[in-house]
>>> print(open('run-v4.cif').read())   # mmCIF, C-alpha atoms (C1' of nucleotides)
data_query
loop_
_atom_site.label_atom_id
_atom_site.label_comp_id
_atom_site.auth_asym_id
_atom_site.auth_seq_id
_atom_site.Cartn_x
_atom_site.Cartn_y
_atom_site.Cartn_z
CA MET A 114 29.74 8.99 2.23
CA MET A 115 26.86 11.38 2.69
CA ARG A 116 23.19 10.98 3.23
CA GLN A 117 21.01 12.37 0.56
CA ILE A 118 18.44 14.74 1.86
CA VAL A 119 15.60 15.70 -0.36
CA THR A 120 14.56 19.17 0.54
CA ASN A 121 12.13 20.40 -2.05
CA LYS A 122 10.10 17.65 -3.54
CA THR A 123 10.63 17.40 -7.23
CA ARG A 124 8.13 15.93 -9.60
CA ASN A 125 10.33 12.88 -9.93
CA GLN A 126 10.28 12.49 -6.19
CA GLU A 127 6.52 12.74 -6.08
CA LEU A 128 6.09 10.13 -8.77
CA ALA A 129 8.63 7.84 -7.18
CA ASP A 130 6.77 8.27 -3.93
CA ILE A 131 3.45 7.36 -5.49
CA PHE A 132 4.87 4.22 -7.05
CA HIS A 133 6.48 3.32 -3.78
CA GLN A 134 3.14 3.68 -2.06
CA MET A 135 1.47 1.63 -4.74
CA ALA A 136 4.07 -1.04 -4.19
CA GLY A 137 3.19 -0.97 -0.51
CA CYS A 138 -0.50 -1.34 -1.29
CA TYR A 139 0.12 -4.37 -3.46
CA ARG A 140 2.40 -5.86 -0.87
CA TYR A 141 -0.34 -5.45 1.70
CA LEU A 142 -2.94 -6.91 -0.62
CA GLY A 143 -1.28 -10.28 -0.57
CA PRO A 144 1.50 -12.53 -1.79
CA GLU A 145 -0.17 -12.97 -5.18
CA GLN A 146 0.72 -9.34 -5.84
CA ARG A 147 4.30 -9.78 -4.78
CA PHE A 148 5.82 -9.32 -8.22
CA ARG A 149 3.56 -6.49 -9.10
CA SER A 150 4.67 -4.82 -5.91
CA THR A 151 8.38 -5.16 -6.63
CA ALA A 152 7.77 -3.98 -10.17
CA TYR A 153 6.39 -0.72 -8.78
CA GLU A 154 9.21 -0.53 -6.28
CA ASN A 155 11.74 -0.92 -9.08
CA ALA A 156 10.03 1.72 -11.18
CA SER A 157 10.10 4.02 -8.17
CA GLY A 158 13.83 3.48 -7.80
CA THR A 159 14.45 4.15 -11.48
CA ILE A 160 12.61 7.42 -11.31
CA GLN A 161 14.51 8.50 -8.22
CA SER A 162 17.82 7.89 -9.90
CA LEU A 163 16.86 9.95 -12.93
CA LYS A 164 19.08 12.97 -13.43
CA ASN A 165 16.54 14.98 -15.37
CA ASP A 166 12.91 15.80 -14.88
CA ILE A 167 10.67 12.93 -15.89
CA SER A 168 8.91 15.06 -18.47
CA ILE A 169 12.05 15.01 -20.58
CA TYR A 170 11.60 11.32 -21.07
CA ALA A 171 7.84 11.50 -21.25
CA ALA A 172 7.35 12.93 -24.71
CA ASN A 173 5.50 9.70 -25.39
CA ALA A 174 5.04 6.24 -23.91
CA LYS A 175 7.72 4.84 -26.22
CA SER A 176 10.55 6.93 -24.86
CA LEU A 177 9.52 6.23 -21.29
CA ASN A 178 9.59 2.57 -22.12
CA ARG A 179 13.29 2.81 -22.77
CA LEU A 180 13.89 3.44 -19.08
CA ASN A 181 14.66 0.45 -16.94
CA ASN A 182 11.78 -1.05 -15.02
CA ILE A 183 9.26 1.09 -16.80
CA GLY A 184 7.03 -0.78 -19.16
CA SER A 185 3.89 0.16 -21.00
CA SER A 186 1.60 0.13 -18.00
CA ILE A 187 3.66 2.33 -15.75
CA ALA A 188 4.55 4.56 -18.68
CA GLU A 189 0.85 5.24 -19.17
CA LYS A 190 0.45 6.04 -15.51
CA ILE A 191 3.33 8.49 -15.65
CA ILE A 192 1.75 10.25 -18.58
CA GLU A 193 -1.57 10.23 -16.77
CA TYR A 194 0.09 11.83 -13.76
CA LEU A 195 1.84 14.46 -15.82
CA GLY A 196 -1.45 15.36 -17.47
CA THR A 197 -3.94 15.19 -14.62
CA GLY A 198 -1.79 15.25 -11.50
CA LYS A 199 -3.35 12.00 -10.42
CA ILE A 200 -3.22 8.28 -11.09
CA ALA A 201 -6.62 6.63 -11.03
CA ALA A 202 -5.23 3.24 -10.11
CA PHE A 203 -3.51 4.76 -7.10
CA GLU A 204 -6.66 6.54 -5.97
CA ARG A 205 -8.42 3.20 -6.12
CA LEU A 206 -5.72 1.46 -4.13
CA LYS A 207 -5.74 4.12 -1.47
CA ARG A 208 -9.34 3.32 -0.76
CA GLU A 209 -8.48 -0.32 -0.23
CA VAL A 210 -5.45 0.11 1.99
CA PRO A 211 -5.55 2.46 4.98
CA LYS A 212 -2.84 5.06 4.68
CA GLY A 213 -1.55 4.59 8.23
CA LEU A 214 -0.91 0.93 7.55
CA LEU A 215 1.23 1.81 4.57
CA GLU A 216 3.32 4.05 6.75
CA LEU A 217 3.63 1.30 9.31
CA MET A 218 4.94 -1.13 6.74
CA ASN A 219 7.65 1.35 5.84
CA ILE A 220 8.93 2.17 9.24
CA SER A 221 8.32 -0.90 11.26
CA SER A 222 10.26 -3.54 9.37
CA PHE A 223 7.14 -5.63 9.78
CA GLY A 224 5.74 -7.30 6.75
CA PRO A 225 2.17 -7.05 5.61
CA ALA A 226 1.15 -10.07 7.66
CA THR A 227 2.09 -8.51 10.97
CA VAL A 228 0.63 -5.17 10.03
CA LYS A 229 -2.59 -6.96 9.14
CA LEU A 230 -2.51 -8.76 12.45
CA LEU A 231 -2.06 -5.49 14.30
CA HIS A 232 -4.88 -3.95 12.38
CA GLU A 233 -7.37 -6.73 12.75
CA ASN A 234 -6.65 -7.90 16.29
CA PHE A 235 -5.68 -4.65 17.96
CA ASP A 236 -7.40 -2.07 15.83
CA ILE A 237 -4.08 -0.42 15.08
CA SER A 238 -4.23 1.55 11.86
CA ASN A 239 -1.36 3.98 12.21
CA LYS A 240 1.84 4.87 13.98
CA GLU A 241 0.10 6.68 16.83
CA ASP A 242 -2.15 3.70 17.56
CA LEU A 243 0.89 1.50 17.62
CA ILE A 244 2.80 3.68 20.06
CA LEU A 245 -0.20 3.77 22.39
CA ALA A 246 -0.58 0.02 22.17
CA ILE A 247 3.09 -0.57 22.93
CA GLU A 248 3.02 1.81 25.87
CA SER A 249 -0.09 0.23 27.34
CA GLY A 250 1.67 -3.11 27.17
CA LYS A 251 -1.25 -4.84 25.54
CA LEU A 252 0.92 -6.18 22.76
CA LYS A 253 3.06 -8.08 25.24
CA ASP A 254 1.50 -11.49 24.81
CA ALA A 255 0.16 -11.19 21.31
CA LYS A 256 0.82 -14.24 19.25
CA GLY A 257 3.35 -13.68 16.51
CA LEU A 258 4.84 -10.72 18.34
CA GLY A 259 7.82 -11.83 20.36
CA GLU A 260 9.83 -9.60 22.59
CA LYS A 261 12.54 -9.23 20.02
CA LYS A 262 10.20 -8.19 17.27
CA LEU A 263 8.63 -5.61 19.52
CA GLU A 264 12.05 -4.26 20.35
CA ASN A 265 12.89 -3.92 16.66
CA LEU A 266 9.67 -2.16 16.06
CA MET A 267 10.28 0.40 18.76
CA ARG A 268 13.74 1.14 17.46
CA GLY A 269 12.31 1.59 14.02
CA LEU A 270 9.77 4.03 15.34
CA LYS A 271 12.42 5.97 17.17
CA LEU A 272 14.61 6.23 14.10
CA TYR A 273 11.66 7.32 12.08
CA LYS A 274 10.82 10.02 14.58
CA THR A 275 14.31 11.46 14.86
CA GLY A 276 15.03 10.98 11.19
CA GLN A 277 17.89 8.51 10.76
CA GLU A 278 20.62 8.77 13.31
CA ARG A 279 24.24 7.91 13.14
CA VAL A 280 25.08 4.54 14.57
CA PRO A 281 28.19 3.39 16.44
CA LEU A 282 31.06 2.14 14.30
CA SER A 283 30.79 -1.35 15.75
CA THR A 284 27.17 -1.64 14.64
CA GLY A 285 27.97 -0.35 11.18
CA LEU A 286 30.99 -2.56 10.86
CA LYS A 287 29.04 -5.64 11.79
CA ALA A 288 26.28 -4.90 9.34
CA GLY A 289 28.73 -3.74 6.69
CA THR A 290 31.00 -6.76 6.76
CA LYS A 291 28.06 -9.12 6.76
CA LEU A 292 26.66 -7.32 3.76
CA LEU A 293 30.03 -7.35 2.04
CA GLU A 294 30.33 -11.09 2.56
CA THR A 295 26.91 -11.66 1.07
CA ILE A 296 27.58 -9.45 -1.90
CA GLN A 297 31.01 -10.82 -2.66
CA LYS A 298 29.40 -14.15 -3.42
CA ILE A 299 27.71 -12.68 -6.46
CA ASN A 300 29.27 -13.84 -9.70
CA GLY A 301 31.20 -11.32 -11.70
CA ILE A 302 32.33 -9.12 -8.86
CA VAL A 303 36.03 -8.52 -9.27
CA LYS A 304 36.50 -6.67 -6.03
CA ALA A 305 34.35 -5.00 -3.40
CA ASP A 306 35.17 -2.89 -0.39
CA LEU A 307 33.47 -0.81 2.23
CA ALA A 308 34.13 2.90 1.89
CA GLY A 309 33.02 6.08 3.60
CA SER A 310 33.33 6.79 7.29
CA LEU A 311 33.05 3.08 7.97
CA ARG A 312 36.33 2.48 6.19
CA ARG A 313 37.88 5.49 7.85
CA GLY A 314 36.99 4.00 11.19
CA LYS A 315 35.05 6.96 12.52
CA LYS A 316 33.40 6.57 15.90
CA THR A 317 29.96 6.78 14.37
CA ILE A 318 28.74 6.29 10.84
CA GLY A 319 25.78 7.78 9.02
CA ASP A 320 25.46 5.11 6.40
CA ILE A 321 27.28 2.20 4.84
CA ASP A 322 29.15 2.93 1.62
CA MET A 323 30.40 0.21 -0.64
CA VAL A 324 32.28 0.23 -3.93
CA ILE A 325 32.13 -2.73 -6.26
CA CYS A 326 34.16 -3.22 -9.37
CA ALA A 327 33.05 -5.44 -12.18
CA GLN A 328 32.87 -5.56 -15.95
CA LYS A 329 30.29 -3.12 -17.21
CA GLN A 330 28.29 -5.84 -18.91
CA ASP A 331 27.75 -7.52 -15.54
CA TRP A 332 26.53 -4.45 -13.71
CA LYS A 333 22.87 -4.92 -14.32
CA ARG A 334 22.85 -8.55 -13.28
CA ILE A 335 24.86 -7.69 -10.18
CA THR A 336 22.56 -4.88 -9.11
CA ASN A 337 19.61 -7.20 -9.59
CA ARG A 338 21.23 -9.81 -7.37
CA ILE A 339 21.99 -7.18 -4.75
CA LYS A 340 18.38 -6.09 -4.70
CA GLU A 341 17.35 -9.63 -3.84
CA ILE A 342 19.36 -9.74 -0.65
CA GLY A 343 17.22 -10.73 2.30
CA GLN A 344 18.69 -8.06 4.56
CA ILE A 345 17.02 -5.28 2.60
CA GLU A 346 14.10 -3.46 4.11
CA ARG A 347 13.42 -1.24 1.17
CA ILE A 348 15.14 0.00 -1.95
CA LEU A 349 15.66 3.73 -2.16
CA VAL A 350 17.50 4.12 -5.43
CA SER A 351 18.15 1.60 -8.11
CA GLY A 352 20.12 2.49 -11.18
CA ASP A 353 22.80 0.79 -13.22
CA THR A 354 25.71 2.24 -11.31
CA LYS A 355 24.17 2.82 -7.92
CA VAL A 356 21.90 0.99 -5.52
CA SER A 357 20.73 2.41 -2.21
CA PHE A 358 18.56 0.72 0.34
CA LEU A 359 17.71 0.50 4.01
CA LEU A 360 18.73 -2.50 6.05
CA LYS A 361 15.98 -4.43 7.70
CA GLN A 362 17.72 -5.00 10.97
CA ASN A 363 18.63 -1.46 11.95
CA HIS A 364 17.41 0.83 9.17
CA ILE A 365 20.92 1.89 8.26
CA GLN A 366 21.14 3.29 4.76
CA VAL A 367 23.46 1.52 2.35
CA ASP A 368 24.89 3.15 -0.77
CA ILE A 369 26.56 0.87 -3.27
CA ARG A 370 28.37 2.03 -6.39
CA LEU A 371 29.53 -0.04 -9.31
CA VAL A 372 32.67 1.03 -11.10
CA GLN A 373 34.91 -0.28 -13.84
CA VAL A 374 38.01 -2.26 -13.03
CA ASP A 375 40.50 0.44 -14.00
CA GLU A 376 38.60 3.06 -12.01
CA TYR A 377 38.44 1.13 -8.81
CA GLY A 378 41.19 2.87 -6.87
CA ALA A 379 39.95 6.32 -7.81
CA ALA A 380 36.39 5.44 -6.90
CA LEU A 381 37.39 3.89 -3.62
CA LEU A 382 39.46 6.95 -2.78
CA TYR A 383 36.63 9.25 -3.74
CA PHE A 384 33.90 7.42 -1.83
CA THR A 385 36.07 6.80 1.19
CA GLY A 386 36.63 10.50 1.69
CA SER A 387 36.79 12.38 3.82
CA LYS A 388 35.52 15.18 1.66
CA GLU A 389 38.27 17.42 3.03
CA HIS A 390 40.94 14.86 2.22
CA THR A 391 39.88 14.29 -1.36
CA LEU A 392 39.45 18.02 -1.86
CA LYS A 393 43.06 18.58 -0.81
CA LEU A 394 44.19 15.86 -3.18
CA ARG A 395 42.23 17.42 -6.01
CA LEU A 396 43.82 20.79 -5.33
CA LEU A 397 47.23 19.19 -5.24
CA ALA A 398 46.49 17.55 -8.56
CA LYS A 399 45.49 20.88 -10.02
CA GLU A 400 48.81 22.41 -8.99
CA LYS A 401 50.56 19.74 -11.01
CA GLY A 402 48.36 20.24 -14.05
CA TRP A 403 46.42 17.07 -13.29
CA LYS A 404 42.83 16.29 -12.56
CA LEU A 405 41.58 13.85 -9.94
CA ASN A 406 38.04 12.57 -9.90
CA GLU A 407 36.23 9.33 -9.11
CA TYR A 408 37.37 7.88 -12.44
CA GLY A 409 41.08 8.43 -12.09
CA LEU A 410 44.01 10.77 -12.09
CA PHE A 411 44.52 12.46 -15.44
CA ASP A 412 46.91 14.83 -17.13
CA VAL A 413 44.78 17.81 -18.06
CA LYS A 414 46.72 18.68 -21.24
CA THR A 415 47.10 15.28 -22.79
CA GLY A 416 44.14 13.62 -21.14
CA GLU A 417 46.44 10.75 -20.34
CA LYS A 418 45.43 8.60 -17.43
CA LEU A 419 48.14 8.62 -14.81
CA ALA A 420 46.57 6.36 -12.21
CA GLY A 421 43.23 5.07 -11.01
CA LYS A 422 43.27 1.35 -10.76
CA THR A 423 44.50 1.31 -7.18
CA GLU A 424 44.58 3.83 -4.38
CA GLN A 425 48.21 2.96 -3.84
CA GLY A 426 48.95 3.88 -7.42
CA ILE A 427 47.32 7.26 -7.06
CA TYR A 428 49.20 8.21 -3.93
CA GLU A 429 52.37 6.93 -5.53
CA ARG A 430 51.86 9.10 -8.59
CA PHE A 431 51.60 12.06 -6.25
CA GLY A 432 54.96 10.97 -4.90
CA MET A 433 53.66 10.35 -1.43
CA LYS A 434 53.27 7.47 0.93
CA TYR A 435 50.01 5.56 0.96
CA ILE A 436 47.65 7.23 3.40
CA PRO A 437 45.51 4.74 5.27
CA PRO A 438 41.80 5.56 5.39
CA GLU A 439 41.90 6.20 9.12
CA LEU A 440 44.14 9.22 8.55
CA ARG A 441 42.25 10.78 5.67
CA GLU A 442 40.67 13.60 7.58
CA GLY A 443 41.95 16.53 5.59
CA ARG A 444 44.25 17.79 8.32
CA ASP A 445 47.99 17.55 7.72
CA GLU A 446 48.18 13.93 6.58
CA ILE A 447 48.93 14.87 3.00
CA GLU A 448 51.83 17.09 3.97
CA LEU A 449 53.15 14.38 6.24
CA ALA A 450 52.82 11.75 3.55
CA ASN A 451 54.70 14.01 1.17
CA GLU A 452 57.55 14.17 3.62
CA HIS A 453 57.17 10.49 4.39
CA LYS A 454 56.49 11.30 8.00
CA LEU A 455 53.14 9.58 8.40
CA PRO A 456 52.61 8.03 11.80
CA ASP A 457 52.39 4.27 11.84
CA LEU A 458 48.95 2.98 12.52
CA VAL A 459 48.56 0.12 14.87
CA LYS A 460 46.02 -2.11 13.23
CA SER A 461 43.37 -2.65 15.84
CA ALA A 462 41.13 -5.64 15.63
CA LEU A 463 37.74 -3.98 15.75
"C1'" DG B 121 2.68 -11.96 -28.86
"C1'" DA B 122 2.38 -15.71 -25.55
"C1'" DG B 123 4.57 -17.62 -21.61
"C1'" DA B 124 7.87 -18.04 -17.85
"C1'" DA B 125 10.87 -15.84 -14.59
"C1'" DC B 126 11.50 -12.44 -11.54
"C1'" DG C 296 4.08 -5.02 -12.80
"C1'" DT C 297 8.73 -5.69 -16.26
"C1'" DT C 298 11.77 -8.40 -18.89
"C1'" DC C 299 13.55 -12.24 -21.47
"C1'" DT C 300 12.78 -15.99 -24.61
"C1'" DC C 301 11.07 -18.47 -28.10
#
>>> encode(input="run-v4.cif", output="structure tokens")
Amino acid sequence: MMRQIVTNKTRNQELADIFHQMAGCYRYLGPEQRFRSTAYENASGTIQSLKNDISIYAANAKSLNRLNNIGSSIAEKIIEYLGTGKIAAFERLKREVPKGLLELMNISSFGPATVKLLHENFDISNKEDLILAIESGKLKDAKGLGEKKLENLMRGLKLYKTGQERVPLSTGLKAGTKLLETIQKINGIVKADLAGSLRRGKKTIGDIDMVICAQKQDWKRITNRIKEIGQIERILVSGDTKVSFLLKQNHIQVDIRLVQVDEYGAALLYFTGSKEHTLKLRLLAKEKGWKLNEYGLFDVKTGEKLAGKTEQGIYERFGMKYIPPELREGRDEIELANEHKLPDLVKSAL
DNA sequence: GAGAAC
DNA sequence: GTTCTC
């Protein structure tokens, strides 16, 4: 629903960043290091999804080990970083892999092979070199660099420069439905839907939101499968209940949440938004002595769950007509639904 | 704790 | 690199 912006860099962020860079180094160093690279990428994601400062978990290597994707080796490096502010292995890697190349691998959607090619054949070692080379047209006939790839690269650069733009609904919808189709094939997924502004059919979207419901015991396996999807450029956050990543093709950010079966409607409602709409619903709930959150609709006094499995059920419990996502803008749709005066939506084939 | 899978 | 398995 919303893009996460990291303003002040926390220690977790810094560590996650280092591990992400280390992952990049290993990726650049060759296919033999492929698993090592993803291991660091996973660790980076785990740290980013941590709710508390890393030091809380870092009393000793043992407790760090309990975190997903953090084994003995990375645990040691975390402790090293907390103590000295540096990680020797990273300092070593930095000397082997030019920093500009690392940045290129992140923004360009080119793999290490192409970046290597650019570096060795065109003496391109950073973003600026690349821009100059593109503008001079000397990359035009390079082998392994088709027109299409070049185009992708330039878009990536542009996005990087302006810092993630919103994309037209049609683009988001195309990418989103394709992603949804891929993900729905994963075993154990009971139900999955797009949420956020994509589901509300806004003219432009900032990112792709998706809610998946499945048995809790399947969550980990499902998130692992999701992370293997070929359309992923890079993983941003990887926890048990949430996965975020950038799409290769267009660098759109994707946020996926896993929820329990009986929470699905509440979660879908919550992550579909708009913020204003769900806020109004929450206030309405409060008036009735209820509480609405992403887990369900509850009676505050008794704690009894009144609804949550389906969106329909929640609106029904409020005594109003189902409000289609397209109308959930926090204007007067709730009042209208209460009076059963909602306008009929003509379903448009988008 | 080695070995395979990822 | 981590994790699972034997």
>>> resolve_selection(input="run-v4.cif", expression="the PyMOL selection byres ((chain A and resi 426-441) around 8)", output="list in words")
Arg312, Arg313, Gly314, Lys315, Gly378, Ala379, Thr385, Gly386, Ser387, His390, Ala398, Leu410, Leu419, Ala420, Gly421, Lys422, Thr423, Glu424, Gln425, Glu442, Gly443, Arg444, Glu446, Ile447, Ala450, Asn451, Glu452, His453 and Leu455 of chain A
>>> resolve_selection(input="run-v4.cif", expression="the PyMOL selection byres ((chain C) within 12 of (chain A))", output="number ranges by chain")
C: 296-298
>>> resolve_selection(input="run-v4.cif", expression="the PyMOL selection byres ((chain C and resi 301) around 12)", output="PyMOL selection string")
(chain B and resi 121-124) or (chain C and resi 299-300)
>>> atom_distance(input="run-v4.cif", atom1="CA of Ile369 in chain A", atom2="CA of Trp332 in chain A")
11.7 Å
>>> atom_distance(input="run-v4.cif", atom1="CA of Thr159 in chain A", atom2="CA of Ser351 in chain A")
5.6 Å
